[in-house]
$ cat query.tsv   # TSV, C-alpha atoms
chain	number	residue	atom	x	y	z
Q	208	ALA	CA	27.43	-34.40	36.68
Q	209	GLU	CA	23.88	-33.67	35.75
Q	210	VAL	CA	22.70	-30.06	35.98
Q	211	PRO	CA	19.53	-29.74	38.04
Q	212	ARG	CA	16.50	-29.08	35.85
Q	213	ALA	CA	15.69	-25.86	37.72
Q	214	ARG	CA	19.03	-24.36	36.57
Q	215	LEU	CA	18.23	-25.08	32.91
Q	216	ARG	CA	15.15	-22.90	32.96
Q	217	ARG	CA	15.45	-19.30	31.96
Q	218	SER	CA	15.79	-16.93	34.82
Q	219	ARG	CA	13.10	-14.73	33.32
Q	220	PRO	CA	10.26	-16.07	31.10
Q	221	ARG	CA	9.43	-14.17	27.95
Q	222	SER	CA	6.51	-11.92	28.37
Q	223	MET	CA	3.60	-12.09	25.98
Q	224	THR	CA	3.95	-8.38	25.27
Q	225	ARG	CA	7.57	-8.78	24.23
Q	226	ASN	CA	6.62	-11.65	21.91
Q	227	LEU	CA	3.88	-9.55	20.33
Q	228	VAL	CA	6.17	-6.57	19.78
Q	229	VAL	CA	8.93	-8.71	18.25
Q	230	PHE	CA	6.50	-10.49	15.95
Q	231	ALA	CA	4.79	-7.27	14.87
Q	232	ALA	CA	8.15	-5.64	14.10
Q	233	LEU	CA	9.31	-8.66	12.11
Q	234	ALA	CA	6.06	-8.96	10.19
Q	235	ALA	CA	6.02	-5.24	9.44
Q	236	ALA	CA	9.61	-5.35	8.20
Q	237	LEU	CA	8.75	-8.21	5.85
Q	238	VAL	CA	5.31	-7.17	4.63
Q	239	LEU	CA	4.89	-3.41	4.70
Q	240	PRO	CA	7.55	-2.39	2.12
Q	241	ALA	CA	5.81	-4.43	-0.60
Q	242	HIS	CA	2.39	-3.18	0.54
Q	243	GLY	CA	3.61	0.42	0.21
Q	244	LEU	CA	4.57	-0.11	-3.44
Q	245	ALA	CA	1.15	-1.56	-4.21
Q	246	ALA	CA	-0.54	1.38	-2.48
Q	247	LYS	CA	1.48	3.88	-4.57
Q	248	ALA	CA	0.46	2.15	-7.80
Q	249	ALA	CA	-3.20	1.98	-6.73
Q	250	SER	CA	-3.31	5.65	-5.75
Q	251	LYS	CA	-3.35	6.63	-9.43
Q	252	ILE	CA	-7.02	5.52	-9.50
Q	253	GLY	CA	-9.61	7.67	-7.72
Q	254	GLY	CA	-10.60	6.88	-4.13
Q	255	TYR	CA	-14.22	5.81	-4.52
Q	256	PRO	CA	-13.67	3.67	-7.64
Q	257	ARG	CA	-10.81	1.89	-5.83
Q	258	ALA	CA	-13.00	1.32	-2.77
Q	259	LEU	CA	-15.92	0.08	-4.85
Q	260	ALA	CA	-13.62	-2.25	-6.80
Q	261	ALA	CA	-12.30	-3.72	-3.52
Q	262	TYR	CA	-15.85	-4.17	-2.23
Q	263	SER	CA	-17.00	-5.80	-5.49
Q	264	LYS	CA	-13.97	-8.09	-5.59
Q	265	SER	CA	-14.62	-9.31	-2.06
Q	266	TYR	CA	-18.39	-9.64	-2.20
Q	267	GLY	CA	-19.16	-9.92	-5.92
Q	268	LYS	CA	-22.85	-9.67	-6.56
Q	269	VAL	CA	-24.25	-9.63	-3.06
Q	270	LYS	CA	-27.86	-10.74	-2.84
Q	271	PRO	CA	-30.44	-8.44	-1.22
Q	272	GLY	CA	-31.20	-9.40	2.35
Q	273	THR	CA	-27.65	-10.59	3.12
Q	274	TRP	CA	-25.33	-8.90	5.61
Q	275	TYR	CA	-23.07	-7.16	3.07
Q	276	PHE	CA	-25.78	-6.02	0.64
Q	277	ARG	CA	-26.11	-2.27	0.40
Q	278	GLU	CA	-27.52	-0.07	-2.33
Q	279	PRO	CA	-24.80	1.78	-4.28
Q	280	ALA	CA	-25.94	5.11	-2.79
Q	281	VAL	CA	-25.40	3.74	0.74
Q	282	LEU	CA	-21.92	2.46	-0.15
Q	283	GLN	CA	-21.04	5.86	-1.58
Q	284	LYS	CA	-22.39	7.63	1.52
Q	285	SER	CA	-20.22	5.44	3.74
Q	286	PHE	CA	-17.17	6.15	1.59
Q	287	LYS	CA	-17.84	9.90	1.61
Q	288	GLU	CA	-17.99	9.89	5.41
Q	289	LEU	CA	-14.74	7.92	5.62
Q	290	ALA	CA	-13.12	10.32	3.14
Q	291	ARG	CA	-14.36	13.34	5.11
Q	292	ILE	CA	-12.74	12.04	8.29
Q	293	TYR	CA	-9.58	10.35	6.98
Q	294	GLY	CA	-9.03	11.77	3.48
Q	295	GLU	CA	-9.95	10.16	0.17
Q	296	GLU	CA	-6.75	8.15	-0.41
Q	297	THR	CA	-6.60	6.89	3.17
Q	298	ALA	CA	-10.30	5.96	3.07
Q	299	ALA	CA	-9.75	4.01	-0.15
Q	300	GLY	CA	-6.86	2.14	1.47
Q	301	MET	CA	-8.98	1.36	4.50
Q	302	VAL	CA	-11.73	-0.11	2.31
Q	303	GLU	CA	-9.16	-2.10	0.33
Q	304	ALA	CA	-7.97	-3.56	3.64
Q	305	VAL	CA	-11.50	-4.21	4.97
Q	306	PRO	CA	-14.06	-4.00	2.14
Q	307	GLY	CA	-16.90	-4.61	4.57
Q	308	ALA	CA	-16.18	-1.17	6.07
Q	309	LEU	CA	-18.51	0.27	3.42
Q	310	THR	CA	-21.37	-1.62	5.06
Q	311	PHE	CA	-20.74	-0.28	8.57
Q	312	ASN	CA	-22.94	2.49	9.96
Q	313	PRO	CA	-21.35	5.77	8.79
Q	314	MET	CA	-23.13	7.65	11.57
Q	315	ASN	CA	-20.74	5.92	13.99
Q	316	PHE	CA	-17.46	6.74	12.22
Q	317	ALA	CA	-16.80	10.20	13.70
Q	318	PRO	CA	-18.25	9.52	17.19
Q	319	THR	CA	-16.28	6.28	17.53
Q	320	LEU	CA	-13.07	8.04	16.49
Q	321	GLU	CA	-13.84	10.73	19.08
Q	322	VAL	CA	-14.28	8.15	21.85
Q	323	PHE	CA	-11.06	6.36	20.88
Q	324	SER	CA	-9.31	9.75	20.75
Q	325	GLU	CA	-10.33	10.45	24.35
Q	326	GLN	CA	-8.94	7.08	25.37
Q	327	PHE	CA	-5.71	6.92	23.30
Q	328	GLY	CA	-5.11	10.46	22.00
Q	329	SER	CA	-6.12	11.87	18.63
Q	330	ASP	CA	-3.19	10.72	16.49
Q	331	ALA	CA	-2.98	7.27	18.08
Q	332	ALA	CA	-6.73	6.66	17.66
Q	333	ARG	CA	-6.68	7.80	14.06
Q	334	GLY	CA	-3.71	5.57	13.26
Q	335	MET	CA	-5.29	2.65	15.10
Q	336	ILE	CA	-8.47	2.83	13.00
Q	337	ILE	CA	-6.52	3.30	9.77
Q	338	ARG	CA	-4.47	0.17	10.58
Q	339	ASN	CA	-7.57	-1.79	11.60
Q	340	PRO	CA	-10.65	-0.44	9.79
Q	341	GLY	CA	-12.67	-3.30	11.26
Q	342	LEU	CA	-12.89	-1.12	14.38
Q	343	LEU	CA	-15.33	1.07	12.44
Q	344	VAL	CA	-18.07	-1.45	13.14
Q	345	ILE	CA	-17.90	-0.60	16.85
Q	346	PRO	CA	-20.51	1.89	18.02
Q	347	PRO	CA	-19.28	4.78	20.17
Q	348	SER	CA	-21.10	3.53	23.27
Q	349	GLY	CA	-23.19	0.65	24.50
Q	350	PRO	CA	-22.44	-2.85	25.77
Q	351	SER	CA	-19.72	-3.42	23.14
Q	352	GLY	CA	-18.98	0.22	22.40
Q	353	ALA	CA	-15.69	2.01	21.87
Q	354	ASP	CA	-16.03	3.55	25.33
Q	355	LYS	CA	-15.57	0.05	26.80
Q	356	ALA	CA	-12.62	-0.98	24.60
Q	357	PRO	CA	-9.65	-2.38	26.54
Q	358	PRO	CA	-6.24	-0.72	26.19
Q	359	ILE	CA	-4.89	-3.71	24.23
Q	360	VAL	CA	-6.94	-2.60	21.20
Q	361	LEU	CA	-4.20	-0.13	20.25
Q	362	PRO	CA	-1.21	-2.54	20.13
Q	363	VAL	CA	-3.31	-5.25	18.50
Q	364	SER	CA	-4.05	-2.86	15.60
Q	365	TYR	CA	-0.36	-3.10	14.65
Q	366	ILE	CA	-0.54	-6.89	14.64
Q	367	VAL	CA	-3.73	-6.91	12.58
Q	368	ALA	CA	-2.18	-4.56	10.01
Q	369	ALA	CA	1.07	-6.53	9.79
Q	370	THR	CA	-0.59	-9.93	9.43
Q	371	ARG	CA	-3.50	-8.95	7.14
Q	372	PRO	CA	-1.56	-9.44	3.87
Q	373	VAL	CA	-0.40	-12.87	5.02
Q	374	GLY	CA	-3.84	-14.02	6.08
Q	375	GLY	CA	-5.93	-14.95	9.08
Q	376	LEU	CA	-4.29	-18.35	9.54
Q	377	LEU	CA	-0.98	-16.74	10.54
Q	378	LEU	CA	-2.77	-14.49	13.02
Q	379	PHE	CA	-4.56	-17.50	14.51
Q	380	VAL	CA	-1.31	-19.48	14.82
Q	381	LEU	CA	0.39	-16.46	16.39
Q	382	PHE	CA	-2.27	-16.09	19.08
Q	383	VAL	CA	-2.26	-19.83	19.78
Q	384	LEU	CA	1.52	-19.82	20.24
Q	385	LEU	CA	1.58	-16.68	22.32
Q	386	GLY	CA	-1.42	-17.75	24.35
Q	387	SER	CA	0.27	-21.02	25.26
Q	388	GLY	CA	3.45	-19.23	26.34
Q	389	GLY	CA	5.35	-19.92	23.12
Q	390	ALA	CA	6.77	-23.08	21.66
Q	391	GLY	CA	9.57	-25.14	23.13
Q	392	PRO	CA	11.06	-25.39	26.61
Q	393	HIS	CA	11.25	-22.35	28.86
$ encode --input "query.tsv" --output "structure tokens"
Amino acid sequence: AEVPRARLRRSRPRSMTRNLVVFAALAAALVLPAHGLAAKAASKIGGYPRALAAYSKSYGKVKPGTWYFREPAVLQKSFKELARIYGEETAAGMVEAVPGALTFNPMNFAPTLEVFSEQFGSDAARGMIIRNPGLLVIPPSGPSGADKAPPIVLPVSYIVAATRPVGGLLLFVLFVLLGSGGAGPH
């Protein structure tokens, strides 16, 4: 006797949130232990030289007039502001993760953290930005400001941090799979 197709389906479809949490936990378990060892070895070098080395490695000799070009004094000012807010070692790690963070407007760093802190709580906002320093580009207010950020920004910061060492392609594939409801029959 053939089982009706309706009975073969799962009684409860997987939720996108559950898929994201499972993937983030798996990726973190695989990637973060090795990343921690690299961070310990790198911490023997001073914060700003590490940050500048990461910036130079990513952008090489940036030509004046391009998006990532900044005078050395401006890069140092951005790093000093990051270090004031997050600590020198953490700031260096953030720039190693997102070298372009040195080109973001340092006048926004503290106000944006404050806005995120009002929305998510102080510790959660701080951790969120440390995991995803790309959020530093967001101004505190305005049409695309931190004050208008959706709640999903916080959980996505875990996914960004876990997939960064593996690359953007994995993140893209993950969102395609999760956006389509996953692979295979349900």
$ atom_distance --input "query.tsv" --atom1 "CA of Val305 in chain Q" --atom2 "CA of Pro357 in chain Q"
21.7 Å
$ closest_residue --input "query.tsv" --among "Q:Ser348, Q:Thr370, Q:Asn339, Q:Thr297" --to "Thr319 in chain Q" --atoms "all atoms listed in the file"
Q:Ser348
$ residues_around --input "query.tsv" --residues "range 266-271 of chain Q" --least-positions-apart "4" --cutoff "12 Å" --atoms "only C-alpha atoms" --output "list in words"
Leu259, Ala260, Ala261, Tyr262, Tyr275, Phe276, Arg277, Glu278, Pro279, Val305, Pro306, Gly307, Leu309 and Thr310 of chain Q
$ closest_residue --input "query.tsv" --among "Q:Glu321, Q:Val281, Q:Ala369, Q:Pro362" --to "Ala304 in chain Q" --atoms "all atoms listed in the file"
Q:Ala369
$ atom_distance --input "query.tsv" --atom1 "CA of Ala299 in chain Q" --atom2 "CA of Ala258 in chain Q"
5.0 Å
$ atom_distance --input "query.tsv" --atom1 "CA of Phe311 in chain Q" --atom2 "CA of Val344 in chain Q"
5.4 Å
$ residues_around --input "query.tsv" --residues "Ser324 in chain Q" --least-positions-apart "2" --cutoff "12 Å" --atoms "only C-alpha atoms" --output "list of chain:residue names"
Q:Ala317, Q:Pro318, Q:Thr319, Q:Leu320, Q:Glu321, Q:Val322, Q:Gln326, Q:Phe327, Q:Gly328, Q:Ser329, Q:Asp330, Q:Ala331, Q:Ala332, Q:Arg333, Q:Gly334, Q:Met335, Q:Ile336, Q:Pro347, Q:Ala353, Q:Asp354, Q:Ala356, Q:Leu361
$ closest_residue --input "query.tsv" --among "Q:Arg257, Q:Asn312, Q:Gly272, Q:Gly349" --to "Glu288 in chain Q" --atoms "all atoms listed in the file"
Q:Asn312
$ residues_around --input "query.tsv" --residues "Gly254 in chain Q" --least-positions-apart "5" --cutoff "12 Å" --atoms "all atoms listed in the file" --output "VMD selection string"
chain Q and resid 246 249 259 to 261 283 286 to 287 289 to 291 293 to 303
$ residues_around --input "query.tsv" --residues "Ala308 in chain Q" --least-positions-apart "5" --cutoff "7 Å" --atoms "all atoms listed in the file" --output "list in words"
Val302, Pro340, Gly341 and Leu343 of chain Q
$ closest_residue --input "query.tsv" --among "Q:Lys284, Q:Val363, Q:Pro358, Q:Met314" --to "Pro346 in chain Q" --atoms "all atoms listed in the file"
Q:Met314
$ closest_residue --input "query.tsv" --among "Q:Ala280, Q:Val383, Q:Ile345, Q:Ile337" --to "Tyr365 in chain Q" --atoms "only C-alpha atoms"
Q:Ile337
